[in-house]
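The file upload.txt contains compact mmCIF, C-alpha atoms:
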# COMPACT_ATOMS: atom_id res chain seq x y z
CA MET A 1 -25.71 12.73 9.02
CA ASP A 2 -27.30 16.00 7.88
CA ASP A 3 -30.08 13.98 6.23
CA LEU A 4 -30.82 12.23 9.53
CA PHE A 5 -30.89 15.55 11.37
CA ALA A 6 -33.34 16.95 8.81
CA GLU A 7 -35.62 13.93 9.18
CA THR A 8 -35.49 14.23 12.98
CA PHE A 9 -36.54 17.88 12.71
CA ASP A 10 -39.67 16.79 10.83
CA LEU A 11 -40.45 14.08 13.38
CA GLN A 12 -40.01 16.49 16.30
CA ARG A 13 -42.91 18.54 14.92
CA VAL A 14 -45.27 15.60 15.48
CA TRP A 15 -43.80 14.58 18.83
CA SER A 16 -45.91 12.35 21.01
CA ALA A 17 -45.16 10.61 24.29
CA LYS A 18 -46.75 7.51 22.75
CA ASN A 19 -44.80 5.20 20.49
CA THR A 20 -46.46 6.26 17.26
CA LEU A 21 -45.06 5.30 13.88
CA GLU A 22 -43.29 8.65 13.74
CA MET A 23 -41.80 8.24 17.20
CA HIS A 24 -40.71 4.71 16.38
CA ARG A 25 -38.85 6.05 13.36
CA ARG A 26 -37.32 8.82 15.49
CA GLY A 27 -36.08 6.18 17.92
CA VAL A 28 -34.34 4.25 15.15
CA ILE A 29 -32.58 7.43 13.99
CA ILE A 30 -31.53 8.54 17.47
CA ARG A 31 -30.57 5.18 18.95
CA THR A 32 -29.10 3.48 15.88
CA GLU A 33 -28.52 5.47 12.71
CA ILE A 34 -26.87 8.65 14.02
CA PRO A 35 -24.61 6.69 16.44
CA GLU A 36 -23.57 4.43 13.57
CA ARG A 37 -22.52 7.42 11.47
CA ILE A 38 -20.50 8.79 14.38
CA ARG A 39 -18.84 5.43 15.04
CA ASN A 40 -17.35 5.59 11.56
CA HIS A 41 -15.00 8.23 13.02
CA VAL A 42 -14.24 6.75 16.46
CA GLU A 43 -10.46 6.65 15.96
CA THR A 44 -10.15 10.37 15.23
CA ILE A 45 -12.69 11.28 17.91
CA ALA A 46 -10.86 9.17 20.50
CA ALA A 47 -7.57 10.83 19.58
CA GLU A 48 -9.11 14.29 20.10
CA THR A 49 -10.59 13.40 23.50
CA GLY A 50 -7.41 11.67 24.66
CA THR A 51 -9.23 8.38 25.22
CA THR A 52 -8.85 4.97 23.61
CA VAL A 53 -11.22 3.58 20.99
CA SER A 54 -12.42 0.97 23.48
CA ASP A 55 -13.14 3.69 26.07
CA LEU A 56 -15.05 5.93 23.67
CA GLY A 57 -18.81 5.49 23.78
CA VAL A 58 -21.60 6.71 21.49
CA GLU A 59 -25.24 6.35 22.46
CA GLY A 60 -28.62 7.89 21.72
CA ARG A 61 -31.75 8.06 23.85
CA ASP A 62 -35.32 9.06 23.06
CA GLY A 63 -37.15 7.55 26.02
CA THR A 64 -37.92 4.11 27.35
CA GLY A 65 -41.66 3.60 27.29
CA LEU A 66 -42.84 7.21 27.04
CA LYS A 67 -41.00 9.15 24.34
CA THR A 68 -38.96 12.14 25.49
CA GLU A 69 -39.52 15.65 24.21
CA ILE A 70 -35.77 16.28 23.85
CA PRO A 71 -33.97 13.31 22.23
CA TRP A 72 -30.18 13.24 22.33
CA VAL A 73 -27.07 11.48 21.09
CA ARG A 74 -23.88 11.74 23.13
CA VAL A 75 -20.17 10.98 22.71
CA PHE A 76 -18.36 10.17 25.95
CA SER A 77 -15.62 8.38 27.83
CA ARG A 78 -16.94 5.15 29.33
CA SER A 79 -14.63 5.55 32.33
CA ALA A 80 -15.18 9.29 32.96
CA ALA A 81 -18.90 9.52 32.14
CA PRO A 82 -20.33 5.98 32.20
CA ARG A 83 -23.91 7.23 32.52
CA ALA A 84 -25.65 10.25 31.03
CA THR A 85 -26.35 11.39 34.59
CA THR A 86 -22.68 11.78 35.49
CA GLY A 87 -19.56 13.34 34.11
CA TRP A 88 -18.91 15.40 30.97
CA TYR A 89 -19.65 14.62 27.34
CA VAL A 90 -20.47 16.06 23.93
CA VAL A 91 -24.14 15.72 23.03
CA TYR A 92 -26.54 16.52 20.20
CA LEU A 93 -29.69 18.00 21.75
CA PHE A 94 -32.73 18.39 19.51
CA SER A 95 -35.15 21.23 20.29
CA ALA A 96 -38.74 20.37 21.06
CA SER A 97 -40.08 22.34 18.09
CA GLY A 98 -37.74 20.71 15.57
CA ASP A 99 -36.23 23.99 14.46
CA ARG A 100 -32.65 23.37 15.65
CA VAL A 101 -30.15 20.95 17.14
CA TYR A 102 -27.20 21.86 19.32
CA LEU A 103 -23.83 20.14 19.50
CA SER A 104 -23.18 20.89 23.15
CA LEU A 105 -20.31 20.35 25.57
CA ASN A 106 -22.49 19.36 28.48
CA GLN A 107 -22.71 17.28 31.66
CA GLY A 108 -24.90 14.99 33.73
CA THR A 109 -27.70 17.18 35.05
CA THR A 110 -29.51 14.70 37.29
CA THR A 111 -28.44 12.92 40.45
CA TRP A 112 -29.38 9.62 42.07
CA THR A 113 -31.43 10.14 45.27
CA GLY A 114 -31.47 6.51 46.29
CA LYS A 115 -34.92 6.03 44.74
CA ASP A 116 -34.83 7.83 41.40
CA PHE A 117 -32.99 10.42 39.33
CA ALA A 118 -33.78 14.01 40.27
CA PRO A 119 -32.59 17.23 38.58
CA ARG A 120 -29.42 18.71 40.08
CA LYS A 121 -29.75 22.15 41.62
CA LEU A 122 -29.27 24.81 38.97
CA THR A 123 -26.74 26.59 41.20
CA GLU A 124 -24.66 23.40 41.30
CA ILE A 125 -24.83 22.93 37.54
CA LYS A 126 -23.81 26.54 36.93
CA ALA A 127 -20.89 26.19 39.36
CA ARG A 128 -19.65 23.24 37.31
CA VAL A 129 -19.96 25.25 34.10
CA ALA A 130 -17.95 28.07 35.71
CA TRP A 131 -15.28 25.53 36.66
CA ALA A 132 -15.12 24.07 33.13
CA ARG A 133 -15.05 27.17 30.92
CA PRO A 134 -11.58 28.40 31.91
CA LEU A 135 -10.17 25.00 30.99
CA VAL A 136 -11.25 25.42 27.37
CA ALA A 137 -10.90 29.21 27.07
CA ALA A 138 -8.02 29.05 24.58
CA LEU A 139 -9.90 26.70 22.26
CA LEU A 140 -13.11 28.74 22.54
CA ALA A 141 -11.21 31.75 21.24
CA GLU A 142 -10.63 29.92 17.94
CA ARG A 143 -14.27 30.29 16.87
CA ASP A 144 -16.88 33.03 16.79
CA ASP A 145 -19.97 30.86 16.19
CA LEU A 146 -20.26 29.35 19.68
CA HIS A 147 -23.20 29.72 22.07
CA GLU A 148 -22.85 29.98 25.85
CA SER A 149 -26.60 29.50 26.21
CA ILE A 150 -28.98 27.17 24.38
CA GLU A 151 -32.77 27.18 23.99
CA LEU A 152 -34.49 23.82 23.64
CA GLY A 153 -38.05 25.08 24.02
CA ALA A 154 -39.17 22.15 26.19
CA LEU A 155 -42.79 22.52 27.27
CA ARG A 156 -43.31 19.27 29.16
CA SER A 157 -39.83 17.97 29.89
CA GLN A 158 -38.42 18.69 33.37
CA LEU A 159 -34.96 17.89 32.03
CA GLY A 160 -34.90 20.66 29.42
CA PRO A 161 -33.86 23.46 31.84
CA GLY A 162 -31.10 21.22 33.18
CA TYR A 163 -29.70 20.56 29.70
CA GLU A 164 -29.74 24.31 29.04
CA ALA A 165 -28.00 25.16 32.32
CA GLY A 166 -25.43 22.39 31.85
CA ASN A 167 -24.15 23.77 28.55
CA VAL A 168 -20.52 24.90 28.58
CA THR A 169 -20.53 25.89 24.92
CA ALA A 170 -22.44 24.78 21.84
CA ILE A 171 -22.67 24.93 18.07
CA GLU A 172 -26.17 25.53 16.72
CA TYR A 173 -27.57 23.98 13.53
CA ARG A 174 -30.87 25.38 12.27
CA ARG A 175 -33.57 23.79 10.20
CA GLY A 176 -33.11 24.64 6.53
CA SER A 177 -29.42 25.53 6.84
CA LEU A 178 -27.75 22.32 7.91
CA PRO A 179 -24.08 22.00 6.87
CA SER A 180 -22.67 18.98 5.08
CA GLU A 181 -21.79 15.80 6.94
CA ALA A 182 -18.09 16.62 6.50
CA THR A 183 -18.58 19.93 8.33
CA LEU A 184 -20.64 18.24 11.03
CA ILE A 185 -17.80 15.79 11.68
CA GLU A 186 -15.22 18.61 11.73
CA ASP A 187 -17.33 20.37 14.37
CA LEU A 188 -17.63 17.14 16.35
CA LEU A 189 -13.84 16.73 16.34
CA TYR A 190 -13.46 20.32 17.55
CA MET A 191 -15.92 19.75 20.41
CA SER A 192 -14.11 16.48 21.21
CA ARG A 193 -10.92 18.47 21.74
CA LEU A 194 -12.78 20.62 24.25
CA LEU A 195 -14.04 17.49 25.97
CA GLY A 196 -10.50 16.17 26.18
CA GLU A 197 -9.43 19.36 28.00
CA ILE A 198 -12.24 18.85 30.52
CA TYR A 199 -11.19 15.25 31.13
CA ARG A 200 -7.57 16.30 31.66
CA GLY A 201 -8.71 19.07 33.98
CA GLU A 202 -10.61 16.54 36.08
CA GLN A 203 -7.49 14.42 36.40
CA ARG A 204 -5.52 17.40 37.73
CA ALA A 205 -8.24 18.73 40.03
CA SER A 206 -8.60 17.86 43.68
CA TYR A 207 -12.33 18.62 43.57
CA VAL A 208 -14.92 19.52 40.95
CA PRO A 209 -18.08 21.35 42.10
CA GLY A 210 -21.04 19.04 42.46
CA ASP A 211 -19.01 15.85 42.74
CA THR A 212 -19.26 13.67 45.79
CA PRO A 213 -16.48 14.76 48.21
CA PRO A 214 -13.50 12.41 47.92
CA GLU A 215 -13.57 11.46 51.60
CA VAL A 216 -17.26 10.45 51.30
CA ILE A 217 -16.51 8.27 48.28
CA GLU A 218 -13.66 6.62 50.15
CA ALA A 219 -15.86 5.95 53.18
CA GLU A 220 -18.56 4.38 51.00
CA GLU A 221 -16.06 2.27 49.10
CA ALA A 222 -14.35 1.13 52.31
CA SER A 223 -17.75 0.16 53.71
CA ALA A 224 -18.61 -1.75 50.56
CA LYS A 225 -15.25 -3.52 50.65
CA ALA A 226 -15.74 -4.50 54.29
CA ALA A 227 -19.11 -5.97 53.39
CA ARG A 228 -17.48 -7.70 50.41
CA ARG A 229 -19.65 -5.87 47.93
CA ARG A 230 -18.25 -5.78 44.41
CA LYS A 231 -19.11 -2.13 43.88
CA VAL A 232 -20.74 0.88 45.51
CA ARG A 233 -22.99 3.37 43.75
CA SER A 234 -22.19 6.90 44.84
CA LYS A 235 -24.49 9.85 44.16
CA GLY A 236 -22.14 11.24 41.55
CA GLN A 237 -18.72 11.18 40.09
CA GLY A 238 -15.84 12.09 42.31
CA ILE A 239 -12.08 12.29 42.67
CA ARG A 240 -10.12 9.88 44.85
CA LEU A 241 -7.25 10.97 47.09
CA ASN A 242 -4.26 8.82 47.96
CA ALA A 243 -2.86 8.41 51.46
CA GLU A 244 -0.26 11.16 51.04
CA GLU A 245 -2.84 13.64 49.75
CA ARG A 246 -5.17 12.87 52.66
CA ARG A 247 -2.34 13.41 55.13
CA ILE A 248 -1.39 16.74 53.53
CA LEU A 249 -4.99 17.98 53.64
CA GLU A 250 -5.35 16.90 57.27
CA GLN A 251 -2.14 18.64 58.35
CA HIS A 252 -3.06 21.81 56.47
CA SER A 253 -6.47 21.99 58.12
CA VAL A 254 -5.02 21.28 61.58
CA ASN A 255 -2.45 24.03 61.06
CA MET A 256 -5.16 26.49 60.08
CA ALA A 257 -7.30 25.51 63.08
CA THR A 258 -4.31 25.83 65.42
CA LYS A 259 -3.59 29.38 64.24
CA TYR A 260 -7.29 30.26 64.45
CA PHE A 261 -7.53 29.31 68.12
CA ARG A 262 -4.12 30.70 69.13
CA ASP A 263 -5.16 34.05 67.69
CA GLN A 264 -8.05 33.96 70.16
CA GLY A 265 -5.76 33.35 73.13
CA TRP A 266 -6.12 29.59 73.48
CA SER A 267 -3.19 27.30 74.17
CA VAL A 268 -3.37 24.51 71.62
CA LYS A 269 -2.11 20.94 71.79
CA ASP A 270 -2.30 18.49 68.88
CA VAL A 271 -3.60 15.22 70.36
CA GLY A 272 -4.83 13.58 67.16
CA ALA A 273 -2.29 10.76 67.39
CA LYS A 274 -3.72 9.42 70.66
CA GLU A 275 -7.26 10.78 71.06
CA SER A 276 -10.49 10.51 69.07
CA TYR A 277 -10.29 14.24 68.39
CA ASP A 278 -7.57 16.51 67.06
CA LEU A 279 -6.90 19.52 69.29
CA PHE A 280 -7.06 20.10 73.06
CA LEU A 281 -7.41 23.75 74.06
CA LYS A 282 -7.07 25.68 77.33
CA ARG A 283 -7.85 29.31 78.13
CA ASP A 284 -8.66 30.96 81.49
CA GLY A 285 -9.70 27.68 83.07
CA GLN A 286 -11.76 26.62 80.06
CA ARG A 287 -11.17 23.50 78.05
CA LEU A 288 -12.20 22.74 74.50
CA HIS A 289 -11.96 19.50 72.53
CA VAL A 290 -11.84 20.10 68.80
CA GLU A 291 -12.48 17.81 65.84
CA VAL A 292 -10.90 19.14 62.62
CA LYS A 293 -11.97 18.16 59.12
CA GLY A 294 -10.27 19.38 55.94
CA THR A 295 -11.72 18.96 52.47
CA THR A 296 -11.27 20.16 48.91
CA SER A 297 -15.07 20.17 48.55
CA THR A 298 -17.51 22.85 49.72
CA GLY A 299 -17.74 21.19 53.12
CA ALA A 300 -21.42 20.28 52.91
CA GLN A 301 -20.50 16.75 53.98
CA VAL A 302 -17.66 15.39 56.13
CA VAL A 303 -16.97 11.87 57.33
CA LEU A 304 -17.12 11.05 61.03
CA THR A 305 -16.12 7.75 62.58
CA ARG A 306 -18.19 6.12 65.28
CA PRO A 307 -15.55 6.89 67.99
CA GLU A 308 -15.48 10.54 66.89
CA VAL A 309 -19.25 10.84 67.22
CA GLU A 310 -19.38 9.08 70.59
CA THR A 311 -16.46 11.11 71.97
CA GLN A 312 -17.89 14.47 70.94
CA ARG A 313 -21.30 13.63 72.40
CA LYS A 314 -19.62 12.90 75.72
CA LEU A 315 -17.42 16.02 75.64
CA GLY A 316 -20.12 18.54 74.69
CA PRO A 317 -20.65 21.39 75.26
CA ALA A 318 -16.87 21.80 75.76
CA ASN A 319 -16.29 20.79 72.17
CA ALA A 320 -16.05 22.17 68.64
CA LEU A 321 -16.10 21.13 65.02
CA VAL A 322 -13.78 22.94 62.65
CA VAL A 323 -14.31 22.36 58.93
CA VAL A 324 -11.71 23.80 56.56
CA HIS A 325 -13.33 23.55 53.15
CA SER A 326 -12.48 24.56 49.58
CA ILE A 327 -8.79 23.76 50.12
CA HIS A 328 -6.75 23.89 46.92
CA LEU A 329 -4.60 20.82 46.46
CA ASP A 330 -1.89 21.21 43.82
CA ARG A 331 -1.42 17.65 42.60
CA ALA A 332 1.13 18.70 39.98
CA SER A 333 3.72 19.32 42.70
CA THR A 334 5.79 16.56 44.28
CA PRO A 335 4.74 16.19 47.01
CA PRO A 336 1.29 17.76 46.53
CA VAL A 337 0.82 21.19 48.15
CA ALA A 338 -2.32 22.26 50.04
CA SER A 339 -3.19 25.94 50.26
CA GLY A 340 -6.08 28.24 51.04
CA GLY A 341 -9.36 27.02 52.42
CA ILE A 342 -12.23 28.57 54.37
CA LEU A 343 -12.43 27.80 58.10
CA CYS A 344 -15.82 27.35 59.76
CA CYS A 345 -16.10 26.65 63.50
CA THR A 346 -19.13 25.29 65.37
CA SER A 347 -18.95 25.38 69.19
CA PRO A 348 -20.58 23.94 71.15
CA TRP A 349 -21.13 21.14 68.69
CA TYR A 350 -24.27 19.04 69.10
CA ILE A 351 -24.48 16.07 66.76
CA GLU A 352 -28.10 15.41 65.81
CA GLU A 353 -29.19 12.03 64.46
CA GLU A 354 -30.95 13.68 61.53
CA ASP A 355 -27.62 15.14 60.38
CA LEU A 356 -25.92 11.73 60.23
CA THR A 357 -26.06 9.36 57.26
CA VAL A 358 -25.19 5.76 58.06
CA VAL A 359 -22.55 4.34 55.72
CA SER A 360 -22.60 0.84 57.23
CA TYR A 361 -23.76 -1.13 60.26
CA VAL A 362 -22.19 -3.76 62.48
CA TYR A 363 -24.87 -6.45 62.85
CA LYS A 364 -25.00 -9.07 65.62
CA THR A 365 -25.93 -12.29 63.85
CA GLY A 366 -26.54 -14.27 67.04
CA LEU A 367 -24.18 -17.03 65.94

Represent the supplied structure as structure tokens.
Amino acid sequence: MDDLFAETFDLQRVWSAKNTLEMHRRGVIIRTEIPERIRNHVETIAAETGTTVSDLGVEGRDGTGLKTEIPWVRVFSRSAAPRATTGWYVVYLFSASGDRVYLSLNQGTTTWTGKDFAPRKLTEIKARVAWARPLVAALLAERDDLHESIELGALRSQLGPGYEAGNVTAIEYRRGSLPSEATLIEDLLYMSRLLGEIYRGEQRASYVPGDTPPEVIEAEEASAKAARRRKVRSKGQGIRLNAEERRILEQHSVNMATKYFRDQGWSVKDVGAKESYDLFLKRDGQRLHVEVKGTTSTGAQVVLTRPEVETQRKLGPANALVVVHSIHLDRASTPPVASGGILCCTSPWYIEEEDLTVVSYVYKTGL
């Protein structure tokens, strides 16, 4: 594999967006020859990542049509990171100048807008890196040759800065001092162990920064199921919650909202079982009708039903929205335990059309 890396370094120095003879050869190396060498070790790699051989994927990309400035080859779980735009994986990233290649523990750094793939916000990518590094801290301590930052030297690629920001940790190989293929594979197995820790961390987590909030995923999937669609394409990976976990989050957020209002002198009644809102409040002749939403995400999006929207529009301005976000859900406990969270209250609450995203419609067919 070191010989293929060395040849790729030479080809990077004559990079062109056009499919020249050199770029054609680079494509064969990236898309076929390096992945084939890696696939010779799929059983040991799968064991390190905690996946099965059938779930382990290896793929290389150097551009469809126009040739990319930063070619890459990644190793990934087909179920956890089915596309290069989502999830976590180990990836070889070749610098634009052909002076180095990084073996990087990295992530999808673009997101689907509904029309095309756009770069994720750098703040979001960095938040995901900050989430991931503690999961692999013990393994990182085993080596002293790792890089928290990488430099790809992209001059024309808009994706280069995203790759750099998405790096959790990396091993650098420089032109003229490439190790043997045996060492390269040992390093790949080490990075695969790190990847396995990330995958296990995702399974335990109730939310990972940047993922689609679980309640939004569930709403989209329920809508797709009602329309008898086979699948729904969300704007990112995300974690699903079961019915018990949803109930625990809801009760935790209602409890926090109840305390919040009682501390302000309101009498509070939980009416969620019979009304299209959660809490009914009284204080000095005033009345307030409160919708409460609890989420493990950052609270940028919450799901509202049609009755909830219609009810709150009728009740305003004697209404409020309480969002309890960033709740920690300990899924290792039986039953799961919700704790913490940041409470944000909006009152009066005016629901603007521009702030609503339609998940599905009911259409009158005229039949």

*Which residues come within 8 Å of A:Arg13, counting only C-alpha atoms, excluding same-chain residues fewer than 2 positions away, as an MDAnalysis selection string?*
chainID A and resid 9:11 15 96:98

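Between A:Arg78 and the candidates A:Gly50, A:Gly57, A:Pro335, A:Gly160, the tightest atom-to-atom separation, counting all atoms listed in the file, involves A:Gly57.
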
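Close contacts of stretch 212-215 of chain A, defined as residues with an atom at most 9 Å away when counting all atoms listed in the file, with chain neighbours fewer than 3 positions off set aside, comprise Ser206, Tyr207, Val208, Pro209, Glu218, Ala219, Glu220, Ser234, Lys235, Gly236, Gln237, Gly238, Ile239, Arg240, Leu241, Arg246, Thr295, Thr296, Ser297, Thr298, Gly299, Ala300, Gln301, Val302 and Val303 of chain A.
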
*Nearest to A:Tyr92: which of A:Ile125, A:Met1, A:Val14, A:Ile248 is it, counting all atoms listed in the file?*
A:Met1

*Work out how far apart atom CA of A:Leu103 and atom CA of A:Val58 are and give it in Å to one decimal.*
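Value for the atom CA of A:Leu103-atom CA of A:Val58 distance: 13.8 Å.
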
*Please identify all polymer residues lying at most 8 Å from the point (-2.0, 17.9, 39.0) (file coordinates), using all atoms listed in the file, and present the result as a PyMOL selection string.*
chain A and resi 203-205+330-333

*Distance atom CA of A:Thr44-atom CA of A:Ser77, one decimal place?*
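Between these atoms lies a distance of 13.9 Å.
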
_Distance of atom CA of A:Leu178 from atom CA of A:Ala6, expressed in Å to one decimal place_ =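 Separating atom CA of A:Ala6 from atom CA of A:Leu178 is a distance of 7.8 Å.
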
*Counting only C-alpha atoms, figure out which residue out of A:Glu186, A:Glu69, A:Glu202, A:Asp284 gets nearest to A:Ala132.*
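Counting only C-alpha atoms, the residue closest to A:Ala132 is A:Glu202.
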
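For the choices A:Leu315, A:Leu140, A:Leu155, A:Val359, the atom-to-atom distance to A:Ile217 is smallest for A:Val359 when using all atoms listed in the file.
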
*Using only C-alpha atoms, determine which residues lie at most 9 Å from A:Pro119, disregarding the query and same-chain residues fewer than 6 positions distant; provide the list as an MDAnalysis selection string.*
chainID A and resid 109:112 158:159 162

_Shell around stretch 59-63 of chain A at 8 Å using all atoms listed in the file, local window under 6 positions removed, as a VMD selection string_ = chain A and resid 26 to 27 30 to 32 34 to 35 69 to 75

*Near A:Lys67, counting only C-alpha atoms, which residues have an atom at most 9 Å away, once you skip same-chain residues fewer than 6 positions from it, shown as a list in words?*
Trp15, Ser16, Ala17, Lys18, Asn19, Met23 and Gly27 of chain A

*Between A:Ser276, A:Thr52, A:Asp3, A:Ala80, which is the closest to A:Ile29 once you count all atoms listed in the file?*
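Of all the options, A:Asp3 lies closest to A:Ile29.
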
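Comparing A:Ile342, A:Gly366, A:Thr86, A:Asn40 by their smallest distance to A:His328, the closest is A:Ile342 (using only C-alpha atoms).
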